[in-house]
Amino acid sequence: MAGITSIGAYVPIYRLNRDEIGRMWDGRSIGGTKAVAGYDEDTITMAVAAALDCLKRGGEADGLFLATTTAPYREKLSSAIVASAADLKEECTVADFADSLRSGTAALKAALDAVAAGSAKSVMVAAADTRQGATKGVLEQALGDGAAAITVGSEKVIAEVEGSYSVYNDFTDIWRSEEDKFPRSAEGRFIDEVGYIPTIQSVIDGLLKKYKLNPDDFTKVIYYASDARRHAALARRLKLEKSQVQDPLYSDIGNTGSAAVFLMLASALEKANPGDRLLFVSYSDGADAFILRVTDEIRKYQKRPAISYQMAGKIAITYGQYLTWRGLVPVEASTLPERSPISLQSRWRERKAIYALYGAKCKKCGALQISQIGQTPRVCVNCQAKDQFEPYKFSDKKAKLFTYSVDQLMPTLNPPGVSGVIDFEEGGRLICELTDCNLDKLEVGILVEMTFRKMFYSRGIHNYFWKAKPATD
Amino acid sequence: MEGIKDKVAIVGMGCTKFGERWDKGVEDLIVEAAYEAFEDAGIEPKDIQAAWIGTVFSGISAITLSPLQLQYIPMTRVENMCATGSEALRAASYAVAAGVVDIALAVGVEKLKDSGATGLKGPSIVGDNQDASSGIGPGYSAPASFAYLATRYFHDYNIKPEEGKRLLAQIAVKNHYNGSLNPKAHFQNELTIDQVVNAPIIAWPLGLYDCCGVSDGAAVAVVTRADMAKKFRPDPIYVKAMQITVGARQGAMRQDYDFVHIEENIIGSQQAYAVAGVKDPRKEISIAEVHDCFSIHEMIVYEDLGFSKRSRAREDIEAGTFTLKGELPVNTDGGLKCFGHPLGASGLRMMYEVYKQLQGKAGPRQVKNPRLGLTHNLGGNAGTGVCSCNIVGNEK
């Protein structure tokens with residue numbers, strides 16, 4: 001039976017304390033923190049990180065569906081960028097599922113159908129969001145940034161999908177028009193009593209009836225809610241046992257939009273036992289519900305659980321950092337020279353080097369080499385042999401920091417900038433930017449790993465490339 | 001292979017005041033420096049048979065020289081990053097050495113302060129094609145790319161950052177003292193160690209005074225055949241070596257590069273010493289103008305050029321070896337740090353100081369009985385460099 005074969009997660013390292021937001025506006029704090037995407041992160045970079053995490057845990061993909069409400073391009077396929085960075089093969093079906101918090105489960109249904117129909121062997125669903133709540137508003141504290149990715153297939157399944165049920169309901173509770181930077185919200189009681197609670201109840205009732213199951217057949221119930229209060233209220237209304245309710249992770253990372261239920265699922269799977277049934281429900285203009293049955297294969301996932309792994313090492317940020325990173329306040333223009341605009345032609349030519357960080361290995365002397373400007377070598381830097389190369393991927397290799405500088409002049413929204421010289425463990429050297437650094441822990445010799453980030457934005461182009469960050473394990 | 005030694009002489013030089021020359025354009029700077037050189041050589045513009053202009057940002061093609069109104073002679077613009085001025089001088093000298101022309105002009109100019117930006121244009125990666133940039137290079141500043149050397153130097157030689165900063169500060173203090181004796185220098189102030197150490201950090205561990213000035217300026221040389229030189233003046237300066245040595249990103253791509261030396265500096269200076277017949281540079285070189293774009297680089301240059309033993313520059317700095325009254329005075333005019341660094345002009349500005357020193361005309365900065373002088377530039381940075389190393393003398 002088809003089901004989930006691997007799951008990966010990505011939560012940014014940065015946390016904004018909600019008390020800090022409360023203090024800023026002399027208002028109430030709902031407590032806890034929210035995860036905030038770094039100044040150089042967005043939906044695509046987080047989706048790439050989650051996708052790579054999922055692949056590392058054994059996932060395979062001949063298709064990739066990206067689910068988000070915050071794609072960086074209005075017109076251009078984000079899933080193609082994610083697939084390129086994840087180095088998926090070219091003959092791969094990619095699609096964006098957008099504009100709804102239910103986009104992730106819509107993509108999951110499409111992936112299950114594709115696998116069942118035999119049109120794909122294994123499809124990845126990556127969900128990521130960086131939704132911004134209006135400053136001083138309720139959503140500002142509730143929303144967080146994050147991403148998750150699962151692969152769907154029929155071999156080595158860790159959680160079979162035993163059934164699903166969906167309802168739709170054109171209900172305007174949270175919405176964002178073309179002109180809106182922030183989501184708008186209807187009145188709370190109206191949302192709860194007419195939209196959210198009855199819709200979830202209806203999809204669960206329909207599912208239980210269809211598959212002749214009872215609520216207590218499920219070890220865990222994983223469901224969306226716009227915030228922690230609503231999440232708890234729904235548990236009471238559904239009369240769920242406390243042990244059945246999956247922690248939505250809202251206290252630490254916040255509501256991550258289309259990624260939220262998948263992050264909850266990743267967390268639930270960390271503690272699940274073979275044979276457990278999980279009820280998995282997403283919500284937005286209706287609801288999708290799934291029955292998941294955990295298999296023996298779950299143990300291999302639990303060796304390196306996705307969520308607790310992501311929660312290690314956090315960096316607290318100020319409200320000012322949050323505002324500038326998200327472009328919510330105008331900041332003083334730099335008097336440093338602007339970077340020259342990027343050449344689309346040269347980016348296309350060097351696409352393998354740029355998107356998946358390919359360098360080369362000399363077939364004659366074995367030297368690994370990579371260029372900091374993306375040029376694919378023609379003559380070996382070590383033995384000067386001409387055109388004797390095979391491609392070599394650096395993005396999945398760890399490296400040691402050989403030397404570095406903390407740079408007050410680097411144009412960045414998170415000054416000071418850090419750059420350095422990194423030596424890959426298997427060979428090859430790269431001079432690159434560093435990110436997600438705790439400056440106090442920066443020193444020669446630390447282990448770093450590569451992360452796909454946004455370098456800068458120029459003339460409508462989101463310019464992505466790889467940076468190094470302190471290794472997480 | 002015959003080298004260039006004693007085939008070419010410099011018979012005239014000019015150099016503008018360096019600094020923030022808000023009221024002067026590229027054309028003014030060129031005319032100012034060139035006419036000083038013409039007068040110094042005792043020639044007219046019409047005597048020039050060929051000319052080279054070096055500039056990185058301040059003009060494309062030799063049409064940049066049009067303010068001089070030279071009349072339909074061969075002229076070319078050259079560019080080789082911070083070695084650009086030296087490259088113009090090399091081209092003019094090679095033409096004379098080849099016997100193609102008898103009198104040639106080398107001009108270096110840069111008007112950095114017109115860009116309206118703080119620091120150098122960029123950030124860009126050395127050698128990246130601006131029109132074809134994939135935009136993936138690190139957005140680091142020039143100071144950061146040299147701070148890599150300091151980080152690694154302190155690490156390898158077990159120097160605490162605070163100690164290291166005080167050590168480097170002595171270089172800035174020396175260069176500012178020298179510059180304060182030089183009315184053409186960009187900055188005219190002396191500095192104290194504490195001022196340097198406590199200045200704002202630019203790129204850790206380098207602070208403001210570890211970084212050279214961003215300036216406007218021009219410098220010019222008139223070169224001729226060595227055997228004709230005394231017709232122009234009694235004290236011509238003879239070219240002993242004129243070396244350019246260019247890396248191929250080896251240090252940026254190969255793990256065997258250590259970031260405590262610059263390979264281009266070592267090979268370039270050794271090649272120059274071989275051509276000039278210098279066996280012991282520390283003893284034989286009377287004065288050196290080296291590329292102190294950042295204090296750490298001047299320290300590394302002491303070792304790379306053989307002035308100090310490897311890892312021992314510290315002892316020489318502390319002994320005052322490179323001060324005006326020291327054993328081997330370095331950057332007697334203030335260096336890039338204090339005189340300023342208009343990229344295309346810098347190599348020729350260094351030669352201007354060496355030329356004046358070898359003629360005994362350096363005023364309060366005059367070193368005793370100089371015989372050989374050296375100029376050195378490093379374009380690019382650690383791992384990706386263009387090194388020029390020139391040696392000249394006052395005897396044939």
# chains A, B, ... in the order shown; residues from 1 in each chain; ligands from 1
$ residues_around --residues "Val221 (chain A)" --least-positions-apart "5" --cutoff "8 Å" --atoms "only C-alpha atoms" --output "list in words"
Gln244, Val245, Gln246, Leu278, Leu279, Phe280 and Val281 of chain A
$ residues_around --residues "Lys469 (chain A)" --least-positions-apart "4" --cutoff "7 Å" --atoms "only C-alpha atoms" --output "PyMOL selection string"
chain A and resi 434-437+448-451
$ residues_around --residues "Thr151 (chain B)" --least-positions-apart "5" --cutoff "8 Å" --atoms "only C-alpha atoms" --output "list in words"
Thr403, Tyr404 and Ser405 of chain A; Pro205 of chain B
$ interface_residues --of "chain A" --to "chain B" --cutoff "6 Å" --atoms "only C-alpha atoms" --output "ChimeraX atom specification"
/A:335-337,339,342-343,346-347,372-373,403-410,429,432-433,465
$ write_last_selection --atoms "N, CA, C and O atoms" --output "PDB file, in the first residue's frame"
ATOM      1  N   THR A 335      25.596  52.977   1.721  1.00  0.00           N
ATOM      2  CA  THR A 335      26.430  53.793   0.841  1.00  0.00           C
ATOM      3  C   THR A 335      27.501  52.930   0.197  1.00  0.00           C
ATOM      4  O   THR A 335      28.376  53.419  -0.501  1.00  0.00           O
ATOM      5  N   LEU A 336      27.439  51.624   0.472  1.00  0.00           N
ATOM      6  CA  LEU A 336      28.376  50.720  -0.190  1.00  0.00           C
ATOM      7  C   LEU A 336      27.927  50.534  -1.630  1.00  0.00           C
ATOM      8  O   LEU A 336      26.754  50.689  -1.949  1.00  0.00           O
ATOM      9  N   PRO A 337      28.883  50.219  -2.490  1.00  0.00           N
ATOM     10  CA  PRO A 337      28.512  50.050  -3.891  1.00  0.00           C
ATOM     11  C   PRO A 337      27.534  48.883  -4.056  1.00  0.00           C
ATOM     12  O   PRO A 337      27.601  47.907  -3.324  1.00  0.00           O
ATOM     13  N   ARG A 339      25.913  45.610  -5.849  1.00  0.00           N
ATOM     14  CA  ARG A 339      26.459  44.496  -6.622  1.00  0.00           C
ATOM     15  C   ARG A 339      25.969  44.629  -8.049  1.00  0.00           C
ATOM     16  O   ARG A 339      24.869  45.096  -8.300  1.00  0.00           O
ATOM     17  N   ILE A 342      22.903  40.349 -11.957  1.00  0.00           N
ATOM     18  CA  ILE A 342      23.364  39.030 -12.370  1.00  0.00           C
ATOM     19  C   ILE A 342      23.040  38.776 -13.833  1.00  0.00           C
ATOM     20  O   ILE A 342      22.107  39.337 -14.385  1.00  0.00           O
ATOM     21  N   SER A 343      23.846  37.949 -14.443  1.00  0.00           N
ATOM     22  CA  SER A 343      23.636  37.586 -15.837  1.00  0.00           C
ATOM     23  C   SER A 343      22.843  36.283 -15.882  1.00  0.00           C
ATOM     24  O   SER A 343      23.302  35.252 -15.392  1.00  0.00           O
ATOM     25  N   SER A 346      24.781  33.626 -17.876  1.00  0.00           N
ATOM     26  CA  SER A 346      25.850  32.899 -17.219  1.00  0.00           C
ATOM     27  C   SER A 346      25.299  31.980 -16.130  1.00  0.00           C
ATOM     28  O   SER A 346      25.797  30.888 -15.909  1.00  0.00           O
ATOM     29  N   ARG A 347      24.239  32.407 -15.478  1.00  0.00           N
ATOM     30  CA  ARG A 347      23.596  31.524 -14.491  1.00  0.00           C
ATOM     31  C   ARG A 347      23.053  30.269 -15.150  1.00  0.00           C
ATOM     32  O   ARG A 347      23.103  29.186 -14.579  1.00  0.00           O
ATOM     33  N   GLN A 372      34.640  29.726  -6.977  1.00  0.00           N
ATOM     34  CA  GLN A 372      33.734  30.599  -6.231  1.00  0.00           C
ATOM     35  C   GLN A 372      32.899  31.475  -7.157  1.00  0.00           C
ATOM     36  O   GLN A 372      31.986  32.145  -6.701  1.00  0.00           O
ATOM     37  N   ILE A 373      33.176  31.507  -8.445  1.00  0.00           N
ATOM     38  CA  ILE A 373      32.332  32.286  -9.347  1.00  0.00           C
ATOM     39  C   ILE A 373      31.547  31.377 -10.281  1.00  0.00           C
ATOM     40  O   ILE A 373      30.916  31.830 -11.220  1.00  0.00           O
ATOM     41  N   THR A 403      39.841  29.674   7.321  1.00  0.00           N
ATOM     42  CA  THR A 403      40.020  31.021   7.868  1.00  0.00           C
ATOM     43  C   THR A 403      38.748  31.800   7.556  1.00  0.00           C
ATOM     44  O   THR A 403      37.921  31.369   6.764  1.00  0.00           O
ATOM     45  N   TYR A 404      38.579  32.952   8.206  1.00  0.00           N
ATOM     46  CA  TYR A 404      37.314  33.676   8.046  1.00  0.00           C
ATOM     47  C   TYR A 404      37.499  35.133   8.431  1.00  0.00           C
ATOM     48  O   TYR A 404      38.536  35.521   8.977  1.00  0.00           O
ATOM     49  N   SER A 405      36.482  35.923   8.145  1.00  0.00           N
ATOM     50  CA  SER A 405      36.449  37.293   8.654  1.00  0.00           C
ATOM     51  C   SER A 405      35.017  37.676   8.985  1.00  0.00           C
ATOM     52  O   SER A 405      34.072  37.230   8.337  1.00  0.00           O
ATOM     53  N   VAL A 406      34.883  38.511  10.004  1.00  0.00           N
ATOM     54  CA  VAL A 406      33.584  39.077  10.352  1.00  0.00           C
ATOM     55  C   VAL A 406      33.595  40.498   9.799  1.00  0.00           C
ATOM     56  O   VAL A 406      34.388  41.326  10.222  1.00  0.00           O
ATOM     57  N   ASP A 407      32.730  40.752   8.840  1.00  0.00           N
ATOM     58  CA  ASP A 407      32.874  41.866   7.908  1.00  0.00           C
ATOM     59  C   ASP A 407      31.786  42.925   8.119  1.00  0.00           C
ATOM     60  O   ASP A 407      30.612  42.680   7.855  1.00  0.00           O
ATOM     61  N   GLN A 408      32.211  44.098   8.606  1.00  0.00           N
ATOM     62  CA  GLN A 408      31.225  45.171   8.828  1.00  0.00           C
ATOM     63  C   GLN A 408      30.765  45.799   7.510  1.00  0.00           C
ATOM     64  O   GLN A 408      29.778  46.517   7.484  1.00  0.00           O
ATOM     65  N   LEU A 409      31.497  45.575   6.444  1.00  0.00           N
ATOM     66  CA  LEU A 409      31.155  46.243   5.176  1.00  0.00           C
ATOM     67  C   LEU A 409      30.304  45.374   4.254  1.00  0.00           C
ATOM     68  O   LEU A 409      29.810  45.850   3.249  1.00  0.00           O
ATOM     69  N   MET A 410      30.149  44.116   4.589  1.00  0.00           N
ATOM     70  CA  MET A 410      29.366  43.258   3.691  1.00  0.00           C
ATOM     71  C   MET A 410      27.904  43.725   3.696  1.00  0.00           C
ATOM     72  O   MET A 410      27.331  43.910   4.748  1.00  0.00           O
ATOM     73  N   ARG A 429      38.346  23.320  -2.115  1.00  0.00           N
ATOM     74  CA  ARG A 429      38.293  24.514  -1.276  1.00  0.00           C
ATOM     75  C   ARG A 429      37.338  25.519  -1.913  1.00  0.00           C
ATOM     76  O   ARG A 429      37.307  25.657  -3.137  1.00  0.00           O
ATOM     77  N   CYS A 432      33.419  31.372   0.519  1.00  0.00           N
ATOM     78  CA  CYS A 432      31.980  31.613   0.447  1.00  0.00           C
ATOM     79  C   CYS A 432      31.490  32.357   1.679  1.00  0.00           C
ATOM     80  O   CYS A 432      32.235  32.565   2.632  1.00  0.00           O
ATOM     81  N   GLU A 433      30.222  32.754   1.622  1.00  0.00           N
ATOM     82  CA  GLU A 433      29.612  33.399   2.775  1.00  0.00           C
ATOM     83  C   GLU A 433      29.244  32.343   3.806  1.00  0.00           C
ATOM     84  O   GLU A 433      28.989  31.190   3.471  1.00  0.00           O
ATOM     85  N   PHE A 465      22.123  30.855  -3.908  1.00  0.00           N
ATOM     86  CA  PHE A 465      23.368  30.093  -3.995  1.00  0.00           C
ATOM     87  C   PHE A 465      23.615  29.445  -2.630  1.00  0.00           C
ATOM     88  O   PHE A 465      22.835  29.596  -1.704  1.00  0.00           O
TER      89      PHE A 465
END
$ residues_around --residues "Gln359 (chain B)" --least-positions-apart "5" --cutoff "10 Å" --atoms "only C-alpha atoms" --output "compact mmCIF listing (two decimals) with all heavy atoms, in the first residue's frame"
# COMPACT_ATOMS: atom_id res chain seq x y z
N PRO B 234 71.24 64.44 -15.12
CA PRO B 234 72.46 63.80 -14.60
C PRO B 234 72.17 62.61 -13.69
O PRO B 234 73.06 61.79 -13.44
CB PRO B 234 73.13 64.92 -13.79
CG PRO B 234 72.01 65.84 -13.41
CD PRO B 234 71.00 65.77 -14.51
N ASP B 235 70.95 62.52 -13.19
CA ASP B 235 70.67 61.47 -12.18
C ASP B 235 69.48 60.59 -12.59
O ASP B 235 68.50 60.50 -11.86
CB ASP B 235 70.40 62.11 -10.82
CG ASP B 235 69.34 63.20 -10.89
OD1 ASP B 235 68.84 63.50 -12.02
OD2 ASP B 235 68.98 63.75 -9.83
N PRO B 236 69.57 59.96 -13.77
CA PRO B 236 68.47 59.07 -14.15
C PRO B 236 68.43 57.85 -13.23
O PRO B 236 69.42 57.53 -12.58
CB PRO B 236 68.83 58.65 -15.58
CG PRO B 236 70.30 58.77 -15.66
CD PRO B 236 70.68 59.91 -14.74
N ILE B 237 67.29 57.20 -13.22
CA ILE B 237 67.13 55.98 -12.40
C ILE B 237 66.99 54.81 -13.37
O ILE B 237 66.15 54.84 -14.27
CB ILE B 237 65.89 56.12 -11.49
CG1 ILE B 237 66.05 57.32 -10.55
CG2 ILE B 237 65.63 54.85 -10.71
CD1 ILE B 237 67.31 57.31 -9.69
N GLU B 353 58.26 57.83 -5.35
CA GLU B 353 58.98 57.96 -4.09
C GLU B 353 60.38 57.34 -4.19
O GLU B 353 61.38 57.94 -3.76
CB GLU B 353 58.19 57.30 -2.95
CG GLU B 353 58.93 57.23 -1.61
CD GLU B 353 59.12 58.59 -0.93
OE1 GLU B 353 58.63 59.59 -1.48
OE2 GLU B 353 59.76 58.64 0.15
N VAL B 354 60.44 56.15 -4.80
CA VAL B 354 61.73 55.47 -4.92
C VAL B 354 62.68 56.32 -5.78
O VAL B 354 63.87 56.50 -5.46
CB VAL B 354 61.55 54.06 -5.53
CG1 VAL B 354 62.88 53.45 -5.93
CG2 VAL B 354 60.83 53.14 -4.53
N GLN B 366 64.29 61.50 3.54
CA GLN B 366 65.42 60.94 2.79
C GLN B 366 66.14 59.84 3.58
O GLN B 366 66.50 60.02 4.74
CB GLN B 366 66.41 62.06 2.45
CG GLN B 366 67.58 61.59 1.58
CD GLN B 366 67.11 61.06 0.22
OE1 GLN B 366 66.32 61.70 -0.47
NE2 GLN B 366 67.59 59.88 -0.16
N ASN B 369 72.20 57.27 1.68
CA ASN B 369 72.94 56.58 0.62
C ASN B 369 72.21 55.42 -0.05
O ASN B 369 72.72 54.31 -0.09
CB ASN B 369 74.28 56.03 1.18
CG ASN B 369 75.07 57.13 1.83
OD1 ASN B 369 75.12 58.26 1.31
ND2 ASN B 369 75.66 56.83 2.98
N PRO B 370 71.02 55.68 -0.57
CA PRO B 370 70.30 54.57 -1.20
C PRO B 370 70.95 54.18 -2.53
O PRO B 370 71.53 55.02 -3.21
CB PRO B 370 68.91 55.14 -1.42
CG PRO B 370 69.12 56.61 -1.56
CD PRO B 370 70.30 56.96 -0.69
N ARG B 371 70.85 52.91 -2.86
CA ARG B 371 71.42 52.43 -4.11
C ARG B 371 70.33 51.73 -4.94
O ARG B 371 70.14 52.01 -6.11
CB ARG B 371 72.57 51.47 -3.81
CG ARG B 371 73.53 51.29 -4.97
CD ARG B 371 74.69 50.39 -4.59
NE ARG B 371 74.27 49.00 -4.42
CZ ARG B 371 74.12 48.14 -5.44
NH1 ARG B 371 74.36 48.51 -6.67
NH2 ARG B 371 73.75 46.91 -5.21
N GLY B 393 67.67 51.33 -9.75
CA GLY B 393 68.86 51.77 -9.04
C GLY B 393 69.38 53.07 -9.63
O GLY B 393 69.03 53.46 -10.74
N ASN B 394 70.26 53.74 -8.85
CA ASN B 394 70.78 55.02 -9.33
C ASN B 394 72.16 54.89 -9.99
O ASN B 394 72.80 55.88 -10.29
CB ASN B 394 70.79 56.08 -8.20
CG ASN B 394 71.43 55.53 -6.93
OD1 ASN B 394 72.09 54.49 -6.98
ND2 ASN B 394 71.21 56.22 -5.83
$ residues_around --residues "Arg453 (chain A)" --least-positions-apart "4" --cutoff "10 Å" --atoms "only C-alpha atoms" --output "PyMOL selection string"
chain A and resi 38-42+44-46+48-49+433+435+462-468
$ write_last_selection --atoms "N, CA, C and O atoms" --output "compact mmCIF listing (two decimals), in the first residue's frame"
# COMPACT_ATOMS: atom_id res chain seq x y z
N GLY A 38 15.74 33.24 8.46
CA GLY A 38 16.86 34.18 8.45
C GLY A 38 16.70 35.20 7.33
O GLY A 38 15.88 35.04 6.42
N TYR A 39 17.50 36.23 7.40
CA TYR A 39 17.43 37.30 6.39
C TYR A 39 17.67 36.76 4.98
O TYR A 39 17.26 37.36 4.01
N ASP A 40 18.37 35.62 4.90
CA ASP A 40 18.71 35.06 3.59
C ASP A 40 17.88 33.81 3.29
O ASP A 40 18.27 33.00 2.46
N GLU A 41 16.77 33.65 4.00
CA GLU A 41 15.93 32.48 3.77
C GLU A 41 14.57 32.90 3.25
O GLU A 41 14.09 34.00 3.51
N ASP A 42 13.94 32.01 2.52
CA ASP A 42 12.56 32.21 2.11
C ASP A 42 11.94 30.83 1.92
O ASP A 42 12.53 29.81 2.28
N ILE A 44 11.54 29.03 -0.66
CA ILE A 44 12.31 28.10 -1.49
C ILE A 44 13.50 27.53 -0.73
O ILE A 44 13.72 26.33 -0.73
N THR A 45 14.24 28.38 -0.05
CA THR A 45 15.44 27.86 0.64
C THR A 45 15.04 26.90 1.76
O THR A 45 15.72 25.90 1.98
N MET A 46 13.94 27.21 2.45
CA MET A 46 13.50 26.30 3.53
C MET A 46 13.00 24.99 2.94
O MET A 46 13.24 23.91 3.51
N VAL A 48 14.04 23.63 0.23
CA VAL A 48 15.23 22.88 -0.19
C VAL A 48 15.83 22.16 1.01
O VAL A 48 16.17 20.97 0.94
N ALA A 49 15.95 22.88 2.12
CA ALA A 49 16.54 22.27 3.32
C ALA A 49 15.72 21.07 3.78
O ALA A 49 16.27 20.02 4.13
N GLU A 433 30.22 32.75 1.62
CA GLU A 433 29.61 33.40 2.77
C GLU A 433 29.24 32.34 3.81
O GLU A 433 28.99 31.19 3.47
N THR A 435 26.58 31.65 7.14
CA THR A 435 25.31 32.13 7.68
C THR A 435 24.95 31.35 8.93
O THR A 435 25.60 30.34 9.23
N HIS A 462 15.34 36.54 -7.62
CA HIS A 462 15.81 36.04 -6.33
C HIS A 462 17.06 35.22 -6.63
O HIS A 462 16.98 34.21 -7.31
N ASN A 463 18.17 35.71 -6.15
CA ASN A 463 19.45 35.10 -6.51
C ASN A 463 19.88 34.12 -5.42
O ASN A 463 20.28 34.52 -4.34
N TYR A 464 19.76 32.84 -5.73
CA TYR A 464 20.08 31.80 -4.74
C TYR A 464 21.46 31.20 -4.98
O TYR A 464 21.90 31.05 -6.12
N PHE A 465 22.12 30.85 -3.91
CA PHE A 465 23.37 30.09 -3.99
C PHE A 465 23.62 29.45 -2.63
O PHE A 465 22.83 29.60 -1.70
N TRP A 466 24.73 28.77 -2.54
CA TRP A 466 25.03 28.03 -1.32
C TRP A 466 25.94 28.83 -0.39
O TRP A 466 26.86 29.49 -0.84
N LYS A 467 25.66 28.73 0.89
CA LYS A 467 26.54 29.30 1.91
C LYS A 467 26.92 28.16 2.85
O LYS A 467 26.31 27.10 2.82
N ALA A 468 27.92 28.43 3.68
CA ALA A 468 28.29 27.44 4.68
C ALA A 468 27.67 27.86 6.01
O ALA A 468 27.50 29.06 6.27
$ residues_around --residues "Asp210 (chain B)" --least-positions-apart "4" --cutoff "8 Å" --atoms "only C-alpha atoms" --output "PyMOL selection string"
chain B and resi 168-169+172+196+206+294-296+337
